[in-house]
$ cat my_file-v2.pdb   # PDB, C-alpha atoms, pLDDT in the B column
ATOM      1  CA  ALA A 191      -5.234   4.296  14.093  1.00 80.00           C
ATOM      2  CA  ARG A 192      -2.247   6.396  15.183  1.00 86.00           C
ATOM      3  CA  GLU A 193       0.101   3.564  14.276  1.00 88.00           C
ATOM      4  CA  ALA A 194      -1.388   3.384  10.775  1.00 90.00           C
ATOM      5  CA  LEU A 195      -1.205   7.176  10.392  1.00 92.00           C
ATOM      6  CA  GLY A 196       2.456   7.076  11.372  1.00 92.00           C
ATOM      7  CA  ALA A 197       3.180   4.226   8.968  1.00 93.00           C
ATOM      8  CA  ALA A 198       1.546   6.201   6.147  1.00 93.00           C
ATOM      9  CA  ARG A 199       3.485   9.321   7.185  1.00 94.00           C
ATOM     10  CA  LEU A 200       0.315  11.333   7.759  1.00 93.00           C
ATOM     11  CA  GLY A 201       0.264  13.696  10.728  1.00 91.00           C
ATOM     12  CA  LEU A 202      -2.619  13.823  13.173  1.00 90.00           C
ATOM     13  CA  ALA A 203      -3.446  17.419  12.194  1.00 92.00           C
ATOM     14  CA  ALA A 204      -3.972  16.360   8.568  1.00 91.00           C
ATOM     15  CA  ALA A 205      -5.904  13.268   9.628  1.00 89.00           C
ATOM     16  CA  LEU A 206      -8.414  15.443  11.500  1.00 92.00           C
ATOM     17  CA  ARG A 207      -9.203  17.603   8.458  1.00 94.00           C
ATOM     18  CA  PRO A 208     -12.014  16.705   6.024  1.00 93.00           C
ATOM     19  CA  VAL A 209     -10.767  14.536   3.165  1.00 89.00           C
ATOM     20  CA  GLY A 210     -11.715  17.210   0.620  1.00 92.00           C
ATOM     21  CA  ALA A 211      -9.394  19.672   2.356  1.00 95.00           C
ATOM     22  CA  LEU A 212      -6.366  17.382   1.982  1.00 94.00           C
ATOM     23  CA  SER A 213      -3.878  17.596  -0.870  1.00 94.00           C
ATOM     24  CA  SER A 214      -3.800  14.666  -3.298  1.00 93.00           C
ATOM     25  CA  GLY A 215      -0.669  13.321  -1.593  1.00 92.00           C
ATOM     26  CA  GLU A 216      -2.313  13.565   1.829  1.00 93.00           C
ATOM     27  CA  GLN A 217      -5.404  11.819   0.468  1.00 92.00           C
ATOM     28  CA  ALA A 218      -3.225   8.991  -0.839  1.00 91.00           C
ATOM     29  CA  ARG A 219      -1.516   8.669   2.547  1.00 92.00           C
ATOM     30  CA  ALA A 220      -4.903   8.729   4.301  1.00 92.00           C
ATOM     31  CA  GLN A 221      -6.056   5.857   2.091  1.00 90.00           C
ATOM     32  CA  VAL A 222      -2.952   3.809   2.932  1.00 91.00           C
ATOM     33  CA  ALA A 223      -3.502   4.523   6.643  1.00 91.00           C
ATOM     34  CA  ARG A 224      -7.114   3.457   6.359  1.00 89.00           C
ATOM     35  CA  LEU A 225      -6.132   0.206   4.659  1.00 87.00           C
ATOM     36  CA  LEU A 226      -3.462  -0.500   7.234  1.00 88.00           C
ATOM     37  CA  ALA A 227      -5.794   0.261  10.123  1.00 86.00           C
ATOM     38  CA  GLY A 228      -8.390  -2.155   8.813  1.00 80.00           C
ATOM     39  CA  ALA A 229      -5.964  -4.706   7.371  1.00 61.00           C
ATOM     40  CA  ALA A 230      -8.321  -4.573   4.394  1.00 38.00           C
ATOM     41  CA  VAL A 231      -8.000  -5.923   0.897  1.00 36.00           C
ATOM     42  CA  GLN A 232      -8.111  -3.123  -1.646  1.00 40.00           C
ATOM     43  CA  VAL A 233      -8.212  -3.789  -5.342  1.00 33.00           C
ATOM     44  CA  SER A 234      -8.672  -0.841  -7.650  1.00 34.00           C
ATOM     45  CA  ASN A 235     -11.336  -1.280 -10.299  1.00 37.00           C
ATOM     46  CA  ASN A 236      -9.906   1.602 -12.336  1.00 45.00           C
ATOM     47  CA  ASP A 237      -7.736  -0.831 -14.267  1.00 50.00           C
ATOM     48  CA  PRO A 238      -9.495  -4.174 -14.916  1.00 52.00           C
ATOM     49  CA  ALA A 239      -6.225  -5.894 -15.881  1.00 55.00           C
ATOM     50  CA  ALA A 240      -4.486  -4.804 -12.674  1.00 52.00           C
ATOM     51  CA  ALA A 241      -7.560  -5.746 -10.658  1.00 51.00           C
ATOM     52  CA  SER A 242      -7.607  -9.204 -12.244  1.00 54.00           C
ATOM     53  CA  ILE A 243      -3.898  -9.771 -11.580  1.00 54.00           C
ATOM     54  CA  ALA A 244      -4.186  -8.480  -8.027  1.00 54.00           C
ATOM     55  CA  SER A 245      -7.258 -10.639  -7.359  1.00 55.00           C
ATOM     56  CA  ALA A 246      -5.374 -13.740  -8.484  1.00 57.00           C
ATOM     57  CA  ALA A 247      -2.452 -12.799  -6.233  1.00 56.00           C
ATOM     58  CA  VAL A 248      -4.813 -12.295  -3.299  1.00 53.00           C
ATOM     59  CA  GLN A 249      -6.276 -15.747  -3.818  1.00 57.00           C
ATOM     60  CA  ARG A 250      -2.799 -17.309  -3.935  1.00 57.00           C
ATOM     61  CA  ALA A 251      -1.645 -15.381  -0.888  1.00 52.00           C
ATOM     62  CA  ARG A 252      -4.740 -16.420   1.046  1.00 53.00           C
ATOM     63  CA  GLY A 253      -3.990 -20.028   0.262  1.00 55.00           C
ATOM     64  CA  ASN A 254      -0.534 -19.649   1.799  1.00 51.00           C
ATOM     65  CA  GLN A 255      -1.393 -17.615   4.888  1.00 47.00           C
ATOM     66  CA  ASP A 256      -3.335 -18.515   8.004  1.00 48.00           C
ATOM     67  CA  GLY A 257      -6.037 -15.893   8.292  1.00 53.00           C
ATOM     68  CA  GLY A 258      -5.367 -14.691   4.748  1.00 64.00           C
ATOM     69  CA  ARG A 259      -5.149 -10.973   5.496  1.00 79.00           C
ATOM     70  CA  VAL A 260      -3.876  -9.279   2.363  1.00 84.00           C
ATOM     71  CA  LEU A 261      -3.059  -5.639   1.690  1.00 86.00           C
ATOM     72  CA  VAL A 262      -3.110  -4.680  -2.005  1.00 89.00           C
ATOM     73  CA  LEU A 263      -1.425  -1.397  -2.873  1.00 90.00           C
ATOM     74  CA  GLU A 264      -1.709  -0.052  -6.403  1.00 89.00           C
ATOM     75  CA  GLU A 265       0.683   2.797  -7.240  1.00 88.00           C
ATOM     76  CA  PHE A 266       0.598   3.841  -3.588  1.00 86.00           C
ATOM     77  CA  THR A 267       3.629   6.122  -3.938  1.00 84.00           C
ATOM     78  CA  SER A 268       2.641   7.948  -7.113  1.00 86.00           C
ATOM     79  CA  LEU A 269       1.303  11.104  -5.447  1.00 89.00           C
ATOM     80  CA  VAL A 270       4.057  11.731  -2.901  1.00 90.00           C
ATOM     81  CA  ASP A 271       7.726  12.680  -3.057  1.00 91.00           C
ATOM     82  CA  ARG A 272      10.391   9.956  -2.900  1.00 91.00           C
ATOM     83  CA  ALA A 273      11.364  10.599   0.726  1.00 93.00           C
ATOM     84  CA  THR A 274       7.742  10.307   1.865  1.00 93.00           C
ATOM     85  CA  ALA A 275       7.231   7.266  -0.363  1.00 92.00           C
ATOM     86  CA  ARG A 276      10.270   5.557   1.168  1.00 94.00           C
ATOM     87  CA  GLY A 277       8.957   6.282   4.663  1.00 94.00           C
ATOM     88  CA  MET A 278       5.529   4.933   3.709  1.00 93.00           C
ATOM     89  CA  ALA A 279       7.070   1.776   2.273  1.00 94.00           C
ATOM     90  CA  GLN A 280       9.036   1.181   5.466  1.00 95.00           C
ATOM     91  CA  GLY A 281       5.944   1.871   7.586  1.00 94.00           C
ATOM     92  CA  VAL A 282       3.845  -0.551   5.549  1.00 93.00           C
ATOM     93  CA  GLN A 283       6.551  -3.203   5.852  1.00 94.00           C
ATOM     94  CA  ALA A 284       6.748  -2.783   9.639  1.00 93.00           C
ATOM     95  CA  MET A 285       2.981  -3.096  10.057  1.00 91.00           C
ATOM     96  CA  ALA A 286       2.784  -6.036   7.647  1.00 91.00           C
ATOM     97  CA  ARG A 287       5.354  -7.916   9.719  1.00 89.00           C
ATOM     98  CA  LYS A 288       3.722  -6.975  13.016  1.00 87.00           C
ATOM     99  CA  TYR A 289       0.207  -8.009  11.970  1.00 84.00           C
ATOM    100  CA  GLY A 290       1.035 -10.892   9.639  1.00 85.00           C
ATOM    101  CA  LEU A 291      -0.268  -9.233   6.477  1.00 87.00           C
ATOM    102  CA  SER A 292       0.574 -10.415   3.001  1.00 90.00           C
ATOM    103  CA  VAL A 293       1.423  -7.440   0.778  1.00 92.00           C
ATOM    104  CA  VAL A 294       0.653  -7.228  -2.926  1.00 93.00           C
ATOM    105  CA  VAL A 295       2.067  -4.200  -4.780  1.00 93.00           C
ATOM    106  CA  VAL A 296       1.112  -3.099  -8.279  1.00 92.00           C
ATOM    107  CA  SER A 297       3.560  -0.452  -9.490  1.00 89.00           C
ATOM    108  CA  CYS A 298       5.289   0.901 -12.560  1.00 88.00           C
ATOM    109  CA  HIS A 299       8.272   1.687 -10.323  1.00 85.00           C
ATOM    110  CA  SER A 300       9.460  -1.748  -9.240  1.00 83.00           C
ATOM    111  CA  ASP A 301      13.013  -0.391  -8.967  1.00 85.00           C
ATOM    112  CA  PHE A 302      11.840   2.008  -6.260  1.00 87.00           C
ATOM    113  CA  VAL A 303       9.758  -0.620  -4.471  1.00 87.00           C
ATOM    114  CA  SER A 304      12.748  -2.961  -4.382  1.00 84.00           C
ATOM    115  CA  SER A 305      15.057  -0.310  -2.906  1.00 90.00           C
ATOM    116  CA  SER A 306      12.535   1.267  -0.524  1.00 91.00           C
ATOM    117  CA  GLY A 307      12.583  -1.286   2.255  1.00 90.00           C
ATOM    118  CA  LEU A 308       9.215  -2.755   1.321  1.00 93.00           C
ATOM    119  CA  GLU A 309       9.353  -6.492   0.754  1.00 93.00           C
ATOM    120  CA  PRO A 310       6.016  -7.369  -0.859  1.00 94.00           C
ATOM    121  CA  ASP A 311       4.901 -10.971  -1.139  1.00 93.00           C
ATOM    122  CA  TRP A 312       3.875 -10.170  -4.706  1.00 92.00           C
ATOM    123  CA  LEU A 313       5.080  -7.360  -6.955  1.00 92.00           C
ATOM    124  CA  PHE A 314       3.390  -6.712 -10.281  1.00 91.00           C
ATOM    125  CA  GLU A 315       5.042  -4.199 -12.573  1.00 89.00           C
ATOM    126  CA  CYS A 316       2.798  -2.127 -14.828  1.00 83.00           C
ATOM    127  CA  ASP A 317       3.877  -1.085 -18.292  1.00 74.00           C
ATOM    128  CA  THR A 318       4.087   2.700 -18.498  1.00 66.00           C
ATOM    129  CA  GLY A 319       4.230   2.798 -22.270  1.00 62.00           C
TER     130      GLY A 319
END

$ encode --input "my_file-v2.pdb" --output "structure tokens"
Amino acid sequence: AREALGAARLGLAAALRPVGALSSGEQARAQVARLLAGAAVQVSNNDPAAASIASAAVQRARGNQDGGRVLVLEEFTSLVDRATARGMAQGVQAMARKYGLSVVVVSCHSDFVSSSGLEPDWLFECDTG
């Protein structure tokens, strides 16, 4: 769990507080840490189109990976500053390599994702307009 907290750039002091006491950025980082710790598949149902695209990507990634562990991140950097987002992206990449995770990113900031150090297996760019 500490490794996932570090990758998500969330300190232990914040991780020990109740979720409701965390800022929105800390809550977002806690969610990324939770996903990393469980190597879980997370598809947001808030946007049916994004969920459908991400689900298709998960199925393709599973077909190409032994074990098929996939991490889906939708707008995972939207609630944090750029420096924290870059650190999170690098932490996610390190854990993905270490644990053999396929990474699917849904973002309206593909330029940032590409320059952040994160190398997702799939990158879906959302239209912001």

$ resolve_selection --input "my_file-v2.pdb" --expression "the PyMOL selection byres ((chain A and resi 192) around 9)" --output "ChimeraX atom specification"
/A:191,193-197,201-202,223,227

$ closest_residue --input "my_file-v2.pdb" --among "A:Asp301, A:Asp317, A:Glu216, A:Glu309" --to "Val282 (chain A)" --atoms "only C-alpha atoms"
A:Glu309

$ resolve_selection --input "my_file-v2.pdb" --expression "the PyMOL selection byres ((chain A and resi 293) around 9)" --output "ChimeraX atom specification"
/A:248,251,259-263,282-283,286,291-292,294-295,309-313

$ atom_distance --input "my_file-v2.pdb" --atom1 "CA of Gly281 (chain A)" --atom2 "CA of Arg219 (chain A)"
11.3 Å

$ closest_residue --input "my_file-v2.pdb" --among "A:Cys298, A:Ala205, A:Leu308, A:Ala220" --to "Ala284 (chain A)" --atoms "all atoms listed in the file"
A:Leu308

$ axis_aligned_box --input "my_file-v2.pdb" --around "region 303-319 of chain A" --padding-each-side "5 Å" --output "lines of an AutoDock Vina configuration file"
center_x = 8.9
center_y = -4.1
center_z = -10.0
size_x = 22.3
size_y = 23.8
size_z = 34.5

$ atom_distance --input "my_file-v2.pdb" --atom1 "CA of Leu212 (chain A)" --atom2 "CA of Leu269 (chain A)"
12.4 Å

$ residues_around --input "my_file-v2.pdb" --residues "region 270-277 of chain A" --least-positions-apart "5" --cutoff "7 Å" --atoms "all atoms listed in the file" --output "list in words"
Arg199, Gly215 and Ser306 of chain A
